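Asks: For reference, this is run_19.cif, and it has mmCIF, C-alpha atoms.
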data_coords
loop_
_atom_site.label_atom_id
_atom_site.label_comp_id
_atom_site.auth_asym_id
_atom_site.auth_seq_id
_atom_site.Cartn_x
_atom_site.Cartn_y
_atom_site.Cartn_z
CA MET A 12 40.46 48.61 -117.03
CA SER A 13 42.06 45.61 -118.76
CA ASN A 14 40.51 42.16 -118.74
CA ARG A 15 43.42 40.85 -116.68
CA THR A 16 42.94 43.50 -114.00
CA ALA A 17 39.19 42.90 -113.94
CA GLY A 18 39.73 39.15 -113.60
CA TYR A 19 42.24 39.64 -110.79
CA ARG A 20 39.86 41.93 -108.92
CA ALA A 21 36.98 39.49 -109.37
CA LEU A 22 39.16 36.68 -108.03
CA THR A 23 40.42 38.54 -104.98
CA THR A 24 36.97 39.82 -104.07
CA HIS A 25 35.38 36.38 -104.18
CA ARG A 26 34.15 35.37 -100.73
CA LEU A 27 36.14 32.11 -100.79
CA PHE A 28 39.43 33.54 -102.06
CA TRP A 29 40.97 34.37 -98.69
CA PRO A 30 39.88 31.15 -96.94
CA VAL A 31 41.56 29.22 -99.76
CA VAL A 32 44.69 31.36 -99.39
CA VAL A 33 44.80 30.73 -95.63
CA LEU A 34 44.23 26.99 -96.13
CA VAL A 35 47.03 26.77 -98.69
CA GLY A 36 49.26 28.82 -96.40
CA MET A 37 48.71 26.45 -93.48
CA LEU A 38 49.42 23.43 -95.68
CA ALA A 39 52.63 25.11 -96.84
CA ALA A 40 53.64 25.94 -93.25
CA ASN A 41 53.08 22.32 -92.23
CA THR A 42 55.12 21.13 -95.18
CA VAL A 43 58.03 23.38 -94.16
CA TYR A 44 57.78 22.20 -90.55
CA ARG A 45 57.37 18.55 -91.54
CA PRO A 46 58.61 17.82 -95.08
CA GLY A 47 56.56 14.62 -95.27
CA PHE A 48 53.28 16.31 -94.39
CA LEU A 49 51.80 16.06 -97.88
CA SER A 50 52.94 12.49 -98.49
CA VAL A 51 50.27 9.78 -98.82
CA GLN A 52 51.18 6.12 -98.39
CA MET A 53 49.40 2.87 -99.19
CA ARG A 54 49.44 0.31 -96.38
CA ASP A 55 47.34 -2.86 -96.30
CA GLY A 56 45.25 -1.55 -99.15
CA HIS A 57 44.41 1.72 -97.36
CA LEU A 58 45.67 5.24 -97.90
CA TYR A 59 47.33 6.93 -94.92
CA GLY A 60 48.81 10.38 -94.40
CA SER A 61 48.19 13.74 -92.78
CA LEU A 62 45.93 14.89 -95.60
CA ILE A 63 43.81 11.75 -95.26
CA ASP A 64 43.59 12.32 -91.51
CA ILE A 65 42.42 15.90 -92.03
CA LEU A 66 39.66 14.73 -94.36
CA ARG A 67 38.60 11.94 -92.00
CA LEU A 68 38.62 14.08 -88.85
CA SER A 69 36.78 16.93 -90.56
CA ALA A 70 33.88 14.65 -91.59
CA PRO A 71 31.87 15.07 -88.33
CA LEU A 72 32.35 18.84 -88.41
CA ILE A 73 31.22 18.95 -92.05
CA LEU A 74 28.04 17.08 -91.14
CA VAL A 75 27.22 19.42 -88.26
CA ALA A 76 28.12 22.51 -90.31
CA LEU A 77 25.83 21.48 -93.19
CA GLY A 78 22.80 21.53 -90.91
CA MET A 79 24.03 24.70 -89.23
CA THR A 80 24.26 26.39 -92.63
CA LEU A 81 20.57 25.89 -93.33
CA VAL A 82 19.62 27.11 -89.85
CA ILE A 83 21.77 30.24 -90.16
CA ALA A 84 20.40 30.85 -93.66
CA THR A 85 16.95 31.32 -92.10
CA GLY A 86 18.39 33.85 -89.66
CA GLY A 87 18.56 31.40 -86.74
CA ILE A 88 21.24 29.57 -84.78
CA ASP A 89 21.47 26.09 -83.28
CA LEU A 90 23.61 25.82 -80.15
CA SER A 91 22.31 22.35 -79.29
CA VAL A 92 24.10 20.35 -82.00
CA GLY A 93 26.95 19.35 -79.67
CA SER A 94 24.52 17.95 -77.12
CA LEU A 95 22.62 16.16 -79.90
CA CYS A 96 25.88 14.51 -80.98
CA ALA A 97 26.40 13.27 -77.43
CA ILE A 98 22.80 12.05 -77.05
CA SER A 99 22.65 10.15 -80.33
CA GLY A 100 26.04 8.54 -79.77
CA ALA A 101 25.14 7.62 -76.18
CA ILE A 102 21.87 5.97 -77.22
CA ALA A 103 23.54 3.98 -79.99
CA CYS A 104 26.39 2.80 -77.78
CA LEU A 105 24.03 1.95 -74.91
CA TYR A 106 21.86 -0.23 -77.14
CA ILE A 107 24.85 -1.97 -78.73
CA SER A 108 26.52 -2.61 -75.36
CA ARG A 109 23.43 -4.48 -74.16
CA GLN A 110 23.30 -6.81 -77.17
CA PRO A 111 24.53 -10.41 -76.79
CA ASP A 112 26.29 -10.08 -80.15
CA GLN A 113 27.63 -6.58 -80.61
CA ASN A 114 28.78 -7.41 -84.15
CA SER A 115 25.21 -8.06 -85.29
CA LEU A 116 24.45 -5.77 -88.22
CA GLY A 117 20.76 -5.72 -87.33
CA GLY A 118 21.52 -4.61 -83.79
CA VAL A 119 23.78 -1.82 -85.04
CA LEU A 120 21.17 -0.59 -87.52
CA THR A 121 18.54 -0.61 -84.76
CA ALA A 122 20.88 1.40 -82.52
CA LEU A 123 21.43 3.94 -85.29
CA ALA A 124 17.69 4.21 -85.89
CA LEU A 125 17.02 4.80 -82.19
CA GLY A 126 19.71 7.47 -81.90
CA LEU A 127 18.53 9.20 -85.08
CA GLY A 128 14.89 9.04 -83.98
CA VAL A 129 15.56 10.68 -80.64
CA ALA A 130 17.64 13.38 -82.36
CA LEU A 131 14.81 14.11 -84.79
CA VAL A 132 12.36 14.47 -81.90
CA LEU A 133 14.70 16.91 -80.14
CA GLY A 134 15.25 18.80 -83.40
CA ALA A 135 11.47 19.06 -83.76
CA TRP A 136 11.38 20.43 -80.20
CA ASN A 137 13.79 23.18 -81.23
CA GLY A 138 11.69 23.87 -84.30
CA VAL A 139 8.50 24.19 -82.27
CA LEU A 140 10.11 26.58 -79.79
CA VAL A 141 11.43 28.80 -82.58
CA ALA A 142 8.82 28.56 -85.34
CA VAL A 143 5.61 28.02 -83.39
CA ILE A 144 6.09 29.57 -79.97
CA GLY A 145 8.38 32.32 -81.25
CA ILE A 146 11.29 32.04 -78.80
CA GLN A 147 14.56 33.53 -79.98
CA PRO A 148 16.67 30.78 -81.62
CA ILE A 149 19.71 31.40 -79.42
CA ILE A 150 17.59 30.98 -76.29
CA ALA A 151 15.56 28.04 -77.56
CA THR A 152 18.61 26.03 -78.58
CA LEU A 153 20.58 27.08 -75.51
CA ILE A 154 17.95 25.28 -73.43
CA LEU A 155 18.64 21.99 -75.21
CA MET A 156 22.38 22.67 -75.23
CA VAL A 157 22.40 22.63 -71.44
CA ALA A 158 19.65 20.10 -70.79
CA GLY A 159 20.80 17.82 -73.59
CA ARG A 160 24.28 17.49 -72.14
CA GLY A 161 22.71 16.41 -68.87
CA LEU A 162 20.46 13.96 -70.72
CA ALA A 163 23.49 12.42 -72.42
CA GLN A 164 25.18 11.92 -69.05
CA LEU A 165 21.96 10.48 -67.67
CA ILE A 166 21.88 7.94 -70.51
CA THR A 167 25.46 6.90 -69.85
CA GLU A 168 24.97 7.17 -66.04
CA GLY A 169 27.99 9.43 -65.90
CA GLN A 170 30.27 6.67 -67.20
CA ILE A 171 32.07 6.08 -70.48
CA LEU A 172 30.20 3.39 -72.41
CA THR A 173 32.55 1.23 -74.44
CA VAL A 174 31.48 -1.03 -77.30
CA ASN A 175 33.26 -3.73 -79.27
CA SER A 176 31.30 -3.69 -82.49
CA ASP A 177 33.10 -3.88 -85.81
CA PRO A 178 30.12 -2.65 -87.89
CA TYR A 179 29.67 0.36 -85.63
CA LYS A 180 33.39 1.05 -85.48
CA ALA A 181 33.50 1.10 -89.29
CA ILE A 182 31.46 4.32 -89.29
CA GLY A 183 34.40 6.17 -87.77
CA VAL A 184 37.53 4.29 -88.81
CA GLY A 185 36.36 1.91 -91.55
CA HIS A 186 37.61 2.10 -95.13
CA LEU A 187 36.00 1.99 -98.55
CA LEU A 188 37.92 2.04 -101.83
CA THR A 189 41.20 2.71 -99.93
CA LEU A 190 39.75 5.83 -98.24
CA PRO A 191 38.14 6.23 -94.80
CA LEU A 192 34.41 5.53 -94.87
CA ALA A 193 33.76 8.73 -92.93
CA ILE A 194 34.83 10.76 -95.97
CA PHE A 195 32.25 9.06 -98.17
CA LEU A 196 29.53 9.51 -95.55
CA ALA A 197 30.23 13.24 -95.29
CA LEU A 198 30.40 13.53 -99.09
CA ALA A 199 27.10 11.69 -99.49
CA ALA A 200 25.42 13.98 -96.94
CA ALA A 201 26.81 17.08 -98.67
CA LEU A 202 25.59 15.89 -102.08
CA LEU A 203 22.17 15.07 -100.66
CA VAL A 204 21.78 18.48 -99.01
CA ALA A 205 23.05 20.20 -102.16
CA ALA A 206 20.62 18.27 -104.35
CA VAL A 207 17.66 19.09 -102.11
CA THR A 208 18.50 22.78 -101.73
CA ARG A 209 19.97 23.60 -105.16
CA ARG A 210 18.03 21.28 -107.47
CA THR A 211 14.67 22.17 -105.97
CA ALA A 212 13.03 25.38 -104.82
CA LEU A 213 13.79 24.62 -101.17
CA GLY A 214 17.10 26.46 -101.18
CA LEU A 215 15.54 29.60 -102.64
CA ILE A 216 12.70 29.40 -100.13
CA ILE A 217 15.15 29.08 -97.22
CA GLU A 218 17.06 32.12 -98.47
CA SER A 219 13.85 34.12 -98.83
CA VAL A 220 12.78 33.24 -95.28
CA GLY A 221 16.19 34.30 -93.99
CA GLY A 222 16.09 37.50 -96.01
CA ASN A 223 12.65 38.57 -94.82
CA ALA A 224 10.37 36.06 -93.12
CA GLN A 225 7.41 38.45 -93.00
CA ALA A 226 7.60 39.24 -96.71
CA SER A 227 7.99 35.54 -97.50
CA ARG A 228 4.84 34.76 -95.50
CA LEU A 229 2.93 37.47 -97.35
CA ALA A 230 4.16 35.99 -100.62
CA GLY A 231 2.58 32.65 -99.75
CA ILE A 232 5.59 30.84 -98.24
CA ARG A 233 4.92 28.96 -95.03
CA SER A 234 7.88 30.45 -93.15
CA ALA A 235 7.14 28.60 -89.90
CA ARG A 236 7.25 25.22 -91.66
CA ILE A 237 10.56 26.02 -93.33
CA THR A 238 12.06 27.17 -90.03
CA PHE A 239 10.79 24.01 -88.34
CA LEU A 240 12.27 21.86 -91.13
CA VAL A 241 15.80 23.29 -90.96
CA TYR A 242 16.06 22.56 -87.23
CA VAL A 243 15.02 18.96 -87.86
CA ILE A 244 17.63 18.67 -90.63
CA SER A 245 20.26 20.17 -88.34
CA ALA A 246 19.42 17.57 -85.67
CA ALA A 247 19.70 14.74 -88.21
CA CYS A 248 23.14 15.95 -89.32
CA ALA A 249 24.25 16.24 -85.69
CA ALA A 250 23.07 12.68 -84.99
CA LEU A 251 25.13 11.31 -87.88
CA ALA A 252 28.14 13.24 -86.62
CA GLY A 253 27.56 11.83 -83.13
CA PHE A 254 27.63 8.28 -84.50
CA MET A 255 30.88 9.06 -86.25
CA MET A 256 32.48 10.63 -83.16
CA THR A 257 31.62 7.74 -80.85
CA ALA A 258 32.46 5.10 -83.46
CA ASN A 259 35.88 6.69 -83.90
CA VAL A 260 36.79 5.84 -80.28
CA SER A 261 34.36 2.92 -79.78
CA SER A 262 32.88 4.63 -76.74
CA ALA A 263 30.36 7.27 -75.70
CA ASP A 264 31.20 10.01 -73.21
CA GLY A 265 28.17 12.13 -72.42
CA ASN A 266 30.36 14.94 -71.13
CA ALA A 267 32.99 15.16 -73.86
CA ALA A 268 31.34 13.90 -77.06
CA GLY A 269 30.63 16.81 -79.38
CA LEU A 270 31.82 19.36 -76.83
CA TRP A 271 32.01 22.85 -78.43
CA VAL A 272 31.45 21.44 -81.92
CA GLU A 273 28.63 23.97 -82.31
CA LEU A 274 31.16 26.81 -82.13
CA ASP A 275 33.42 25.23 -84.76
CA ALA A 276 30.37 24.66 -86.96
CA ILE A 277 29.32 28.31 -86.69
CA LEU A 278 32.86 29.41 -87.52
CA ALA A 279 32.93 27.08 -90.53
CA VAL A 280 29.67 28.56 -91.81
CA VAL A 281 30.85 32.14 -91.32
CA ILE A 282 34.25 31.48 -92.90
CA GLY A 283 32.42 29.91 -95.83
CA GLY A 284 30.70 33.20 -96.58
CA THR A 285 27.22 32.69 -95.10
CA SER A 286 25.96 35.73 -93.23
CA LEU A 287 24.72 35.31 -89.67
CA ALA A 288 21.91 37.72 -90.58
CA GLY A 289 20.40 35.07 -92.85
CA GLY A 290 19.74 35.01 -96.56
CA ARG A 291 22.09 33.49 -99.14
CA PHE A 292 24.21 30.52 -98.08
CA SER A 293 27.08 28.53 -99.54
CA LEU A 294 27.40 24.80 -98.88
CA GLY A 295 30.75 24.65 -100.67
CA GLY A 296 32.03 27.50 -98.54
CA THR A 297 30.89 25.70 -95.40
CA ILE A 298 32.83 22.57 -96.37
CA LEU A 299 35.89 24.70 -97.08
CA GLY A 300 35.51 26.37 -93.69
CA ALA A 301 35.31 23.00 -91.93
CA LEU A 302 38.45 21.81 -93.71
CA LEU A 303 40.23 25.03 -92.73
CA ILE A 304 39.32 24.62 -89.06
CA GLN A 305 40.42 20.99 -88.98
CA THR A 306 43.67 21.87 -90.77
CA LEU A 307 44.23 24.58 -88.17
CA THR A 308 43.66 22.06 -85.37
CA THR A 309 46.08 19.63 -86.99
CA THR A 310 48.63 22.42 -87.39
CA VAL A 311 48.37 23.32 -83.70
CA TYR A 312 49.02 19.72 -82.66
CA ALA A 313 51.77 19.16 -85.24
CA MET A 314 53.72 22.21 -84.13
CA ASN A 315 53.54 21.15 -80.46
CA ILE A 316 51.75 24.31 -79.38
CA SER A 317 50.85 24.00 -75.72
CA PRO A 318 47.19 23.24 -74.93
CA GLN A 319 46.99 26.42 -72.87
CA THR A 320 47.66 28.56 -75.94
CA SER A 321 46.18 26.40 -78.72
CA LEU A 322 42.69 27.89 -78.39
CA LEU A 323 44.12 31.40 -78.45
CA PHE A 324 46.14 30.54 -81.55
CA LYS A 325 43.01 29.22 -83.29
CA ALA A 326 41.06 32.33 -82.28
CA VAL A 327 43.70 34.65 -83.75
CA VAL A 328 43.72 32.79 -87.07
CA VAL A 329 39.93 32.69 -87.31
CA ILE A 330 39.65 36.40 -86.50
CA ALA A 331 42.24 37.17 -89.18
CA VAL A 332 40.32 35.14 -91.77
CA CYS A 333 37.03 36.84 -90.91
CA LEU A 334 38.60 40.30 -91.03
CA ILE A 335 40.24 39.88 -94.42
CA GLN A 336 36.94 38.51 -95.73
CA ALA A 337 35.03 41.61 -94.64
CA PRO A 338 34.69 44.03 -97.60
CA GLY A 339 34.71 47.09 -95.33
CA PHE A 340 37.93 46.02 -93.62
CA ARG A 341 39.67 45.34 -96.94
CA ALA A 342 38.47 48.60 -98.42
CA ARG A 343 39.83 50.60 -95.51
CA PHE A 344 43.36 49.23 -95.95
CA THR A 345 43.44 48.88 -99.73
CA ARG A 346 41.99 52.25 -100.71
CA ARG A 347 44.81 54.33 -102.16
CA ARG A 348 44.71 57.72 -103.85
CA ALA A 349 46.64 57.91 -107.09
CA PRO A 350 49.92 59.92 -106.86
CA GLY A 351 49.37 63.54 -107.76
CA ALA A 352 45.65 63.09 -108.06
CA ARG A 353 43.54 65.97 -106.96
CA PRO A 354 39.95 65.86 -105.93
CA ALA A 355 37.55 66.84 -108.67
CA PRO A 356 36.38 70.44 -108.42
CA VAL A 357 32.93 70.93 -107.08
CA THR A 358 30.80 72.68 -109.62
CA GLU A 359 28.03 74.89 -108.42
CA GLN A 360 24.63 73.68 -109.52
CA PRO A 361 22.51 76.29 -111.29
CA LYS A 362 19.74 77.65 -109.18
CA ALA A 363 16.22 76.85 -110.19
CA GLN A 364 14.36 79.74 -111.72
CA VAL A 365 11.25 80.66 -109.82
CA PRO A 366 8.52 81.87 -112.19
CA ALA A 367 7.20 85.34 -111.48
#
If you took the structure in this file and wrote it as structure tokens, what would it be?

Replies:
Amino acid sequence: MSNRTAGYRALTTHRLFWPVVVLVGMLAANTVYRPGFLSVQMRDGHLYGSLIDILRLSAPLILVALGMTLVIATGGIDLSVGSLCAISGAIACLYISRQPDQNSLGGVLTALALGLGVALVLGAWNGVLVAVIGIQPIIATLILMVAGRGLAQLITEGQILTVNSDPYKAIGVGHLLTLPLAIFLALAAALLVAAVTRRTALGLIIESVGGNAQASRLAGIRSARITFLVYVISAACAALAGFMMTANVSSADGNAAGLWVELDAILAVVIGGTSLAGGRFSLGGTILGALLIQTLTTTVYAMNISPQTSLLFKAVVVIAVCLIQAPGFRARFTRRRAPGARPAPVTEQPKAQVPA
């Protein structure tokens, strides 16, 4: 086999090859549908364009998916991240709305600290249910998914809390160095998680717990502590995403904020190549998966696909991406027998001689 053929096969079998192909294909389809899709303009010292919007709108999903990646890497799942987004955003907006000066930086920082603190407590609750009590992760987090959404509506009293705070609004729609601030926040979180998991032994420990928690415990790894930690990290990432979601619209809706974001986060993790069975994980693949999902959402809206069929359209694309990523599925449709090739003859093995 030539080096070129070997390189081509290595490229096409990489777990991120097909997600990249699908992402490029959607960008090309948008460009054909709208010739100015890839154009970026400078207005009032800020960059604007569809690509910038995709990066900005994908920032909350990237944050949630980063925490979800670590949870899934341990063999768990966190269905409560959407409710945590709603709770953290509701607490922050409630505190800011009751301040005499909503533009006070100290008041905004206090609101963020309160929202993050409550999210960490709830993440610790998930960790205790899973790591200490031993409840199945899907059940433990489903409890907070349902109860947390009710708690968010209780905080907002079933109303939409609106705020008029420029510092808080900057989290969602502010700019830094001509780009949306949300992009830098998501990038900073990704670099921090990557540094903690790839520059220390934590990432290897998480993968070992996901591969075999019992063997990791016997090897001296405190599996319960690691499991507890990833749920707390997931809650922190969800809280930051909740701040970004509510700041983007300057309001908190306990019913709609973060609704179904947990499903998009799981899809982003799976598309990025992380197995739901636990073990090895890819942060870069997760970010790519989040960008693909947001690009798909933008494509649906740009092509005026009706809301009744938009979810079905997204489901079809996601299923297609997951199928072409699966090695077994690709092997079934790419296996070809060479023309004229015949199966190798079966040679009879010599019988063993039994001594007299």

Asks: Within 6 Å of stretch 292-309 of chain A, counting all atoms listed in the file, which residues show up once you throw out same-chain ones fewer than 6 positions away? Write them as a count of residues only, please.

Replies: 9

Asks: May I ask for the distance between atom CA of A:Thr42 and atom CA of A:Ser317, given in Å to one decimal place?

Replies: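 Separation of atom CA of A:Thr42 and atom CA of A:Ser317: 20.1 Å.
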
Asks: Pull out every residue that the PyMOL selection byres ((chain A and resi 101-118) around 8) matches in the shown coordinates and put them as a ChimeraX atom specification.

Replies: /A:97-100,119-123,125-126,163,166-167,172-179,254,257,262-265

Asks: Would you mind listing, for every residue of stretch 36-89 of chain A within 9 Å of stretch 233-249 of chain A, the two atoms forming the shortest contact and the distance between them in Å to one decimal, using only C-alpha atoms, sorted by chain and ascending residue number, as a Markdown table?

Replies:
| residue | atom | partner | partner_atom | distance |
| --- | --- | --- | --- | --- |
| A:Pro71 | CA | A:Ala249 | CA | 8.1 |
| A:Leu72 | CA | A:Ala249 | CA | 8.9 |
| A:Leu74 | CA | A:Cys248 | CA | 5.3 |
| A:Val75 | CA | A:Ala249 | CA | 5.1 |
| A:Ala76 | CA | A:Cys248 | CA | 8.3 |
| A:Leu77 | CA | A:Cys248 | CA | 7.3 |
| A:Gly78 | CA | A:Ser245 | CA | 3.9 |
| A:Met79 | CA | A:Ser245 | CA | 6.0 |
| A:Thr80 | CA | A:Ser245 | CA | 8.5 |
| A:Leu81 | CA | A:Val241 | CA | 5.9 |
| A:Val82 | CA | A:Val241 | CA | 5.5 |
| A:Thr85 | CA | A:Thr238 | CA | 6.7 |
| A:Gly87 | CA | A:Thr238 | CA | 8.4 |
| A:Asp89 | CA | A:Tyr242 | CA | 7.6 |

Asks: Please indicate the distance in Å from atom CA of A:Ile150 to atom CA of A:Leu90, rounded to one decimal place.

Replies: 8.8 Å
